[in-house]
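Participant: Here it is: the structure, laid out below.
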Amino acid sequence: MYINFWYVADQSQNITESPVKKKMLGQNFVLFRDTKGKVHCLSDVCVHRGGSLSGGKIVKDCIQCPYHGWQFNGKGKCQKIPSLDKGTKIPSRVKVDSYPTKELYGLVFCFLGDLPEKERCPIMKVSEYKQEGWRTTTQYFQFNIDYKRSIENGIDGAHNEFVHPTHGFSGEEDDYKSPSIDIKNTKWGTGFFSQMYAPPLKEKTMREASGRDENAVIEAGTGHHGISMLWTHIHPTPDIFIHQYMYETPIDETHTNLFLINTRNFLIEPEHDERVMERNQVVAFQDRDVLINLHPRLTPETIKNEFFVTMDRPIKRYRDLLDEWQQNGWRINIDEVSRTRMSHAYAVPSPGRRKTKGWVVDPIPILKP
Ligand code: FES
Ligand SMILES: [Fe+2]
């Protein structure tokens with residue numbers, strides 16, 4: 001897992017004025033909304049003696065630790081220590097990491113790292129969100145999979161035919177050949193468009209809406225942005241578009257939260273939402289069922305033990321980016337974290353660590369570049 005990316009903690013509607021604990025990158029965070037409506041995300045570890053802040057309550061826009069009542073504001077700065085000697089000032093070292101947050105597309109994004117704003121990989125845009133002529137639905141899944149394997153699956157143009165009976169011919173069509181792909185790399189990712197030979201949509205209303213009831217060549221594109229964001233554009237006919245945006249957050253190495261924003265420019269009445277979401281769910285579980293059984297479970301450290309073909313080039317590019325991000329010093333040393341897990345708390349370094357010194361909790365171990 002990698003620090004220094006934006007990750008979705010939850011849907012906006014789930015973050016209220018009561019504290020919630022969220023596990024991301026194998027670490028615990030506390031999120032809450034202040035009286036002005038701003039969402040805060042702090043490391044969950046109290047620097048006093050390790051209380052879990054999310055078990056406390058919000059007092060005057062501060063999170064109050066459930067153990068001895070120390071209060072930390074949204075910036076992580078301690079505002080109150082009930083057990084401090086009279087007349088003593090709160091030492092400046094008493095602070096917890098506080099992470100930048102943004103609310104977009106109904107999701108709460110947290111920047112888990114210390115990289116300055118200008119150097120961060122931007123959040124993937126959903127330009128169709130709430131635009132006229134488009135309908136948006138949001139779905140949430142939690143799967144026992146490695147998010148990197150899931151991103152690789154998203155940019156794997158050869159799996160649809162075999163994993164998704166609704167998209168392909170399930171290997172039954174002799175004429176079928178994986179489409180050629182037109183890859184475009186960006187600073188933070190890779191993607192491609194292709195012309196896919198596909199059967200008509202199986203679901204009746206959707207098929208009728210698409211106006212296509214024969215096999216045809218359709219345009220589809222997919223790509224990843226940063227470490228854990230995916231886009232997929234499907235054009236079943238030249239006028240009908242389904243544009244999907246998936247934001248994945250590793251809870252830990254083998255558990256992933258997936259937030260899917262689906263936008264469509266047909267059947268835009270709300271009564272069709274359920275059908276669209278049902279279909280997306282079926283597809284998501286088809287992917288999960290393959291990913292959950294991969295060996296090894298996690299994206300391998302090297303491609304030496306896999307046989308890549310031309311169609312796998314986007315995945316090779318993703319692996320190259322992973323290497324680059326590891327070289328940047330962004331990859332968590334999971335072995336070290338688990339070795340010391342029982343007796344050592346860590347915090348993902350926040351931007352504040354580049355401004356002030358004297359932090360009490362150690363930064364999470366990072367693999368040496
Ligand atoms: S552990 Fe949090 S106040 Fe003591
Ligand atoms: Fe898939």
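Each chain in the structure tokens gets a letter, A, B, ..., in the order shown, and its residues are numbered from 1; ligands are numbered from 1 in order too.
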List all protein, DNA and RNA residues that have an atom no more than 8 Å from any atom of ligand 1, counting only C-alpha atoms and all ligand atoms, and report them as a list in words.

Facilitator: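 Residues satisfying the distance criterion: Val45, Cys46, Val47, His48, Arg49, Gly50, Gly51, Ser52, Leu53, Gln64, Cys65, Pro66, Tyr67, His68, Gly69, Trp70, Gln71 and Ile81 of chain A.
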
Participant: Those selected residues, please, written with C-alpha atoms and delivered as an mmCIF file, in the first residue's frame.

Facilitator:
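Saved to part.cif:
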```
data_model
loop_
_atom_site.group_PDB
_atom_site.id
_atom_site.type_symbol
_atom_site.label_atom_id
_atom_site.label_comp_id
_atom_site.auth_asym_id
_atom_site.auth_seq_id
_atom_site.Cartn_x
_atom_site.Cartn_y
_atom_site.Cartn_z
ATOM 1 C CA VAL A 45 -4.183 7.235 17.784
ATOM 2 C CA CYS A 46 -4.199 9.604 20.757
ATOM 3 C CA VAL A 47 -0.654 10.767 21.460
ATOM 4 C CA HIS A 48 -1.195 10.609 25.198
ATOM 5 C CA ARG A 49 -1.319 6.866 25.726
ATOM 6 C CA GLY A 50 -2.864 5.464 22.604
ATOM 7 C CA GLY A 51 -6.583 5.958 23.120
ATOM 8 C CA SER A 52 -8.708 5.367 20.029
ATOM 9 C CA LEU A 53 -10.025 8.864 19.340
ATOM 10 C CA GLN A 64 -12.304 14.293 22.803
ATOM 11 C CA CYS A 65 -10.324 11.155 23.582
ATOM 12 C CA PRO A 66 -12.437 8.592 25.485
ATOM 13 C CA TYR A 67 -9.534 7.718 27.817
ATOM 14 C CA HIS A 68 -8.498 10.941 29.629
ATOM 15 C CA GLY A 69 -10.487 13.553 27.739
ATOM 16 C CA TRP A 70 -7.721 15.326 25.836
ATOM 17 C CA GLN A 71 -9.274 17.360 23.053
ATOM 18 C CA ILE A 81 -5.669 18.488 28.710
#
```

Participant: Please write out the residues within 12 Å of ligand 2 as a PyMOL selection string, counting only C-alpha atoms and all ligand atoms.

Facilitator: chain A and resi 149-168+222+230-232+246+280-291

Participant: Determine, for each residue of region 278-334 of chain A having at least one atom at most 10 Å from an atom of region 185-189 of chain A, the closest pair of atoms and their separation in Å to one decimal, counting only C-alpha atoms; order by chain and ascending number, as a tab-separated table.

Facilitator:
```
residue	atom	partner	partner_atom	distance
A:Pro314	CA	A:Asn185	CA	8.8
A:Arg317	CA	A:Gly189	CA	7.9
A:Tyr318	CA	A:Gly189	CA	6.9
A:Leu321	CA	A:Gly189	CA	7.6
```

Participant: Would you write out those residues with N, CA and C atoms, as a PDB file, in the first residue's frame?

Facilitator:
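part.pdb written:
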```
ATOM      1  N   PRO A 314      -1.167  -2.411 -20.692  1.00  0.00           N
ATOM      2  CA  PRO A 314      -1.591  -1.420 -19.689  1.00  0.00           C
ATOM      3  C   PRO A 314      -1.218  -1.853 -18.262  1.00  0.00           C
ATOM      4  N   ARG A 317       2.334  -1.171 -17.615  1.00  0.00           N
ATOM      5  CA  ARG A 317       2.515   0.267 -17.351  1.00  0.00           C
ATOM      6  C   ARG A 317       2.135   0.595 -15.897  1.00  0.00           C
ATOM      7  N   TYR A 318       1.033   0.003 -15.424  1.00  0.00           N
ATOM      8  CA  TYR A 318       0.627   0.215 -14.022  1.00  0.00           C
ATOM      9  C   TYR A 318       1.726  -0.273 -13.076  1.00  0.00           C
ATOM     10  N   LEU A 321       4.478   2.171 -12.953  1.00  0.00           N
ATOM     11  CA  LEU A 321       4.142   3.324 -12.106  1.00  0.00           C
ATOM     12  C   LEU A 321       4.255   2.962 -10.629  1.00  0.00           C
TER      13      LEU A 321
END
```

Participant: May I have a table of the residues of region 4-70 of chain A lying at most 10 Å from region 124-145 of chain A, giving each one's closest pair of atoms and their distance in Å to one decimal, counting only C-alpha atoms, ordered by chain and ascending residue number, as a tab-separated table?

Facilitator:
```
residue	atom	partner	partner_atom	distance
A:Trp6	CA	A:Met124	CA	9.6
A:Asp10	CA	A:Tyr140	CA	9.1
A:Gln11	CA	A:Tyr140	CA	8.7
```

Participant: Those same residues, written as a PDB file, in the first residue's frame with N, CA and C atoms?

Facilitator:
```
ATOM      1  N   TRP A   6      -4.875  10.431  -2.807  1.00  0.00           N
ATOM      2  CA  TRP A   6      -6.218  10.684  -2.296  1.00  0.00           C
ATOM      3  C   TRP A   6      -6.970   9.359  -2.241  1.00  0.00           C
ATOM      4  N   ASP A  10     -15.318   7.473   2.712  1.00  0.00           N
ATOM      5  CA  ASP A  10     -16.720   7.065   2.811  1.00  0.00           C
ATOM      6  C   ASP A  10     -17.564   7.972   1.928  1.00  0.00           C
ATOM      7  N   GLN A  11     -18.863   7.696   1.892  1.00  0.00           N
ATOM      8  CA  GLN A  11     -19.778   8.600   1.220  1.00  0.00           C
ATOM      9  C   GLN A  11     -20.067   9.771   2.167  1.00  0.00           C
TER      10      GLN A  11
END
```

Participant: For region 254-336 of chain A against region 97-108 of chain A, with a cut-off of 12 Å and counting only C-alpha atoms, what is the closest atom pair and its distance in Å to one decimal for every residue that makes the cut, ordered by chain and number, as a Markdown table?

Facilitator:
```
| residue | atom | partner | partner_atom | distance |
| --- | --- | --- | --- | --- |
| A:Leu258 | CA | A:Leu107 | CA | 11.4 |
| A:Phe259 | CA | A:Leu107 | CA | 8.4 |
| A:Leu260 | CA | A:Leu107 | CA | 10.2 |
| A:Ile261 | CA | A:Tyr105 | CA | 8.0 |
| A:Asn262 | CA | A:Tyr105 | CA | 10.9 |
| A:Thr263 | CA | A:Tyr105 | CA | 11.3 |
```

Participant: DSSP on the backbone, then: every residue of region 62-274 of chain A marked strand (DSSP E or B), written as number ranges by chain.

Facilitator: A: 62-64, 71-72, 77-80, 95, 98-99, 101-104, 107-112, 135-143, 181-186, 189-198, 216-225, 229-237, 240-252, 255-264

Participant: Keeping only C-alpha atoms, take the residues you just selected and write them out as a PDB file, in the first residue's frame.

Facilitator:
```
ATOM      1  CA  CYS A  62     -12.805  18.945  18.820  1.00  0.00           C
ATOM      2  CA  ILE A  63     -12.528  15.200  19.143  1.00  0.00           C
ATOM      3  CA  GLN A  64     -12.304  14.293  22.803  1.00  0.00           C
ATOM      4  CA  GLN A  71      -9.274  17.360  23.053  1.00  0.00           C
ATOM      5  CA  PHE A  72      -7.875  17.788  19.528  1.00  0.00           C
ATOM      6  CA  LYS A  77      -3.828  20.468  17.602  1.00  0.00           C
ATOM      7  CA  CYS A  78      -4.523  19.727  21.270  1.00  0.00           C
ATOM      8  CA  GLN A  79      -6.869  22.291  22.829  1.00  0.00           C
ATOM      9  CA  LYS A  80      -7.421  20.820  26.253  1.00  0.00           C
ATOM     10  CA  LYS A  95      -0.754  17.000  18.247  1.00  0.00           C
ATOM     11  CA  SER A  98      -4.589  15.742  10.369  1.00  0.00           C
ATOM     12  CA  TYR A  99      -5.116  15.030   6.678  1.00  0.00           C
ATOM     13  CA  THR A 101     -10.047  16.328   2.917  1.00  0.00           C
ATOM     14  CA  LYS A 102     -12.268  17.168  -0.041  1.00  0.00           C
ATOM     15  CA  GLU A 103     -15.884  16.366  -0.727  1.00  0.00           C
ATOM     16  CA  LEU A 104     -16.634  15.647  -4.358  1.00  0.00           C
ATOM     17  CA  LEU A 107     -17.653  11.147  -1.557  1.00  0.00           C
ATOM     18  CA  VAL A 108     -15.185  12.148   1.149  1.00  0.00           C
ATOM     19  CA  PHE A 109     -11.616  12.077  -0.143  1.00  0.00           C
ATOM     20  CA  CYS A 110      -8.666  12.134   2.271  1.00  0.00           C
ATOM     21  CA  PHE A 111      -5.105  12.794   1.226  1.00  0.00           C
ATOM     22  CA  LEU A 112      -3.110  10.230   3.158  1.00  0.00           C
ATOM     23  CA  ARG A 135     -28.125  10.450 -14.520  1.00  0.00           C
ATOM     24  CA  THR A 136     -25.745   9.430 -11.730  1.00  0.00           C
ATOM     25  CA  THR A 137     -25.918   6.522  -9.322  1.00  0.00           C
ATOM     26  CA  THR A 138     -23.449   5.679  -6.586  1.00  0.00           C
ATOM     27  CA  GLN A 139     -22.689   2.199  -5.304  1.00  0.00           C
ATOM     28  CA  TYR A 140     -20.486   0.822  -2.602  1.00  0.00           C
ATOM     29  CA  PHE A 141     -18.906  -2.612  -2.337  1.00  0.00           C
ATOM     30  CA  GLN A 142     -16.448  -4.147   0.072  1.00  0.00           C
ATOM     31  CA  PHE A 143     -14.464  -7.091  -1.293  1.00  0.00           C
ATOM     32  CA  ILE A 181      -6.142  -1.342 -28.038  1.00  0.00           C
ATOM     33  CA  ASP A 182      -5.001   2.184 -28.534  1.00  0.00           C
ATOM     34  CA  ILE A 183      -3.022   2.999 -25.374  1.00  0.00           C
ATOM     35  CA  LYS A 184      -2.483   6.499 -24.104  1.00  0.00           C
ATOM     36  CA  ASN A 185      -0.286   7.141 -21.103  1.00  0.00           C
ATOM     37  CA  THR A 186      -0.675  10.115 -18.822  1.00  0.00           C
ATOM     38  CA  GLY A 189      -1.919   6.505 -15.458  1.00  0.00           C
ATOM     39  CA  THR A 190      -2.716   4.686 -18.599  1.00  0.00           C
ATOM     40  CA  GLY A 191      -5.821   3.990 -20.634  1.00  0.00           C
ATOM     41  CA  PHE A 192      -7.080   2.866 -23.973  1.00  0.00           C
ATOM     42  CA  PHE A 193     -10.068   2.764 -26.276  1.00  0.00           C
ATOM     43  CA  SER A 194     -11.001  -0.198 -28.396  1.00  0.00           C
ATOM     44  CA  GLN A 195     -13.659  -1.405 -30.774  1.00  0.00           C
ATOM     45  CA  MET A 196     -15.229  -4.411 -29.126  1.00  0.00           C
ATOM     46  CA  TYR A 197     -17.337  -7.031 -30.853  1.00  0.00           C
ATOM     47  CA  ALA A 198     -20.212  -7.583 -28.456  1.00  0.00           C
ATOM     48  CA  ALA A 216     -22.117  -5.315 -33.195  1.00  0.00           C
ATOM     49  CA  VAL A 217     -18.838  -3.538 -32.783  1.00  0.00           C
ATOM     50  CA  ILE A 218     -19.083  -1.106 -29.894  1.00  0.00           C
ATOM     51  CA  GLU A 219     -16.657   1.456 -28.615  1.00  0.00           C
ATOM     52  CA  ALA A 220     -15.321   1.083 -25.095  1.00  0.00           C
ATOM     53  CA  GLY A 221     -12.456   2.603 -23.190  1.00  0.00           C
ATOM     54  CA  THR A 222     -10.928   2.173 -19.796  1.00  0.00           C
ATOM     55  CA  GLY A 223      -7.997   3.407 -17.791  1.00  0.00           C
ATOM     56  CA  HIS A 224      -6.597   4.048 -14.367  1.00  0.00           C
ATOM     57  CA  HIS A 225      -5.661   7.313 -12.746  1.00  0.00           C
ATOM     58  CA  MET A 229      -8.978   5.170  -9.505  1.00  0.00           C
ATOM     59  CA  LEU A 230     -10.499   3.678 -12.643  1.00  0.00           C
ATOM     60  CA  TRP A 231     -12.628   5.008 -15.469  1.00  0.00           C
ATOM     61  CA  THR A 232     -14.625   2.990 -17.977  1.00  0.00           C
ATOM     62  CA  HIS A 233     -16.542   4.469 -20.889  1.00  0.00           C
ATOM     63  CA  ILE A 234     -18.914   2.180 -22.761  1.00  0.00           C
ATOM     64  CA  HIS A 235     -20.765   3.314 -25.864  1.00  0.00           C
ATOM     65  CA  PRO A 236     -23.218   0.517 -26.772  1.00  0.00           C
ATOM     66  CA  THR A 237     -24.340   2.667 -29.738  1.00  0.00           C
ATOM     67  CA  ILE A 240     -25.732   5.879 -25.777  1.00  0.00           C
ATOM     68  CA  PHE A 241     -23.049   6.323 -23.167  1.00  0.00           C
ATOM     69  CA  ILE A 242     -22.298   4.665 -19.868  1.00  0.00           C
ATOM     70  CA  HIS A 243     -19.386   6.356 -18.111  1.00  0.00           C
ATOM     71  CA  GLN A 244     -18.204   4.801 -14.886  1.00  0.00           C
ATOM     72  CA  TYR A 245     -15.721   5.993 -12.285  1.00  0.00           C
ATOM     73  CA  MET A 246     -14.454   3.684  -9.580  1.00  0.00           C
ATOM     74  CA  TYR A 247     -12.559   4.878  -6.520  1.00  0.00           C
ATOM     75  CA  GLU A 248     -10.920   2.100  -4.570  1.00  0.00           C
ATOM     76  CA  THR A 249      -9.537   2.329  -1.067  1.00  0.00           C
ATOM     77  CA  PRO A 250      -7.402  -0.377   0.497  1.00  0.00           C
ATOM     78  CA  ILE A 251      -8.675  -1.076   4.002  1.00  0.00           C
ATOM     79  CA  ASP A 252      -5.619  -3.316   4.239  1.00  0.00           C
ATOM     80  CA  HIS A 255      -9.718  -5.850   1.895  1.00  0.00           C
ATOM     81  CA  THR A 256     -10.889  -3.075  -0.380  1.00  0.00           C
ATOM     82  CA  ASN A 257     -13.687  -0.529  -0.357  1.00  0.00           C
ATOM     83  CA  LEU A 258     -15.004   0.281  -3.819  1.00  0.00           C
ATOM     84  CA  PHE A 259     -17.065   3.365  -4.597  1.00  0.00           C
ATOM     85  CA  LEU A 260     -18.649   3.326  -8.032  1.00  0.00           C
ATOM     86  CA  ILE A 261     -20.089   6.440  -9.649  1.00  0.00           C
ATOM     87  CA  ASN A 262     -22.081   5.387 -12.688  1.00  0.00           C
ATOM     88  CA  THR A 263     -23.270   8.034 -15.141  1.00  0.00           C
ATOM     89  CA  ARG A 264     -25.504   7.373 -18.139  1.00  0.00           C
TER      90      ARG A 264
END
```

Participant: If you count only C-alpha atoms, which residues fall within 12 Å of Pro365 (chain A), apart from same-chain ones fewer than 2 positions away, as number ranges by chain?

Facilitator: A: 1-3, 329-341, 344-349, 361-363, 367-368

Participant: Output C-alpha atoms for every residue in that selection, as an mmCIF file, in the first residue's frame.

Facilitator:
```cif
data_model
loop_
_atom_site.group_PDB
_atom_site.id
_atom_site.type_symbol
_atom_site.label_atom_id
_atom_site.label_comp_id
_atom_site.auth_asym_id
_atom_site.auth_seq_id
_atom_site.Cartn_x
_atom_site.Cartn_y
_atom_site.Cartn_z
ATOM 1 C CA MET A 1 0.000 0.000 0.000
ATOM 2 C CA TYR A 2 1.140 3.515 -0.788
ATOM 3 C CA ILE A 3 0.890 6.819 1.008
ATOM 4 C CA GLY A 329 9.358 6.573 -0.999
ATOM 5 C CA TRP A 330 5.591 6.151 -0.891
ATOM 6 C CA ARG A 331 5.287 2.420 -0.322
ATOM 7 C CA ILE A 332 4.491 1.215 3.182
ATOM 8 C CA ASN A 333 6.789 -1.459 4.578
ATOM 9 C CA ILE A 334 4.041 -3.883 5.453
ATOM 10 C CA ASP A 335 6.371 -6.552 6.802
ATOM 11 C CA GLU A 336 7.830 -4.094 9.305
ATOM 12 C CA VAL A 337 4.379 -2.834 10.278
ATOM 13 C CA SER A 338 3.128 -6.354 10.926
ATOM 14 C CA ARG A 339 6.284 -7.403 12.727
ATOM 15 C CA THR A 340 5.864 -4.569 15.247
ATOM 16 C CA ARG A 341 2.059 -4.407 15.159
ATOM 17 C CA HIS A 344 4.009 -0.039 18.092
ATOM 18 C CA ALA A 345 1.505 2.501 16.807
ATOM 19 C CA TYR A 346 2.210 4.438 13.633
ATOM 20 C CA ALA A 347 0.689 7.338 11.791
ATOM 21 C CA VAL A 348 0.674 7.998 8.060
ATOM 22 C CA PRO A 349 2.692 11.246 7.896
ATOM 23 C CA VAL A 361 3.832 8.924 17.157
ATOM 24 C CA ASP A 362 6.323 7.474 14.655
ATOM 25 C CA PRO A 363 5.622 7.757 10.941
ATOM 26 C CA LEU A 367 10.195 0.740 1.980
ATOM 27 C CA LYS A 368 13.551 2.249 1.164
#
```

Participant: With only C-alpha atoms as the basis for distance, which of A:Arg313, A:Lys36, A:Lys57, A:Lys355 is at the shortest distance from Ser180 (chain A)?

Facilitator: A:Arg313

Participant: To one decimal place, how far is CA of Asp312 (chain A) from CA of Pro296 (chain A) in Å?

Facilitator: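 If I compute the distance from CA of Asp312 (chain A) to CA of Pro296 (chain A), I get 17.4 Å.
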
Participant: Could you tell me how far CA of Ile90 (chain A) sits from CA of Gly76 (chain A), in Å to one decimal place?

Facilitator: 13.1 Å

Participant: When you draw a straight line from CA of Phe308 (chain A) to CA of Asp175 (chain A), how long is it in Å?

Facilitator: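 A separation of 22.8 Å between them.
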
Participant: Could you pull out the residues in region 100-329 of chain A that DSSP calls alpha helix (DSSP H) from the backbone, as a ChimeraX atom specification?

Facilitator: /A:147-154,160-163,204-210,273-291,313-327

Participant: Taking into account only C-alpha atoms, which residue in the set A:Ser12, A:Thr205, A:Asn265, A:Thr356 is nearest to Arg93 (chain A)?

Facilitator: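 Of the candidates, the smallest distance to Arg93 (chain A) is held by A:Thr356.
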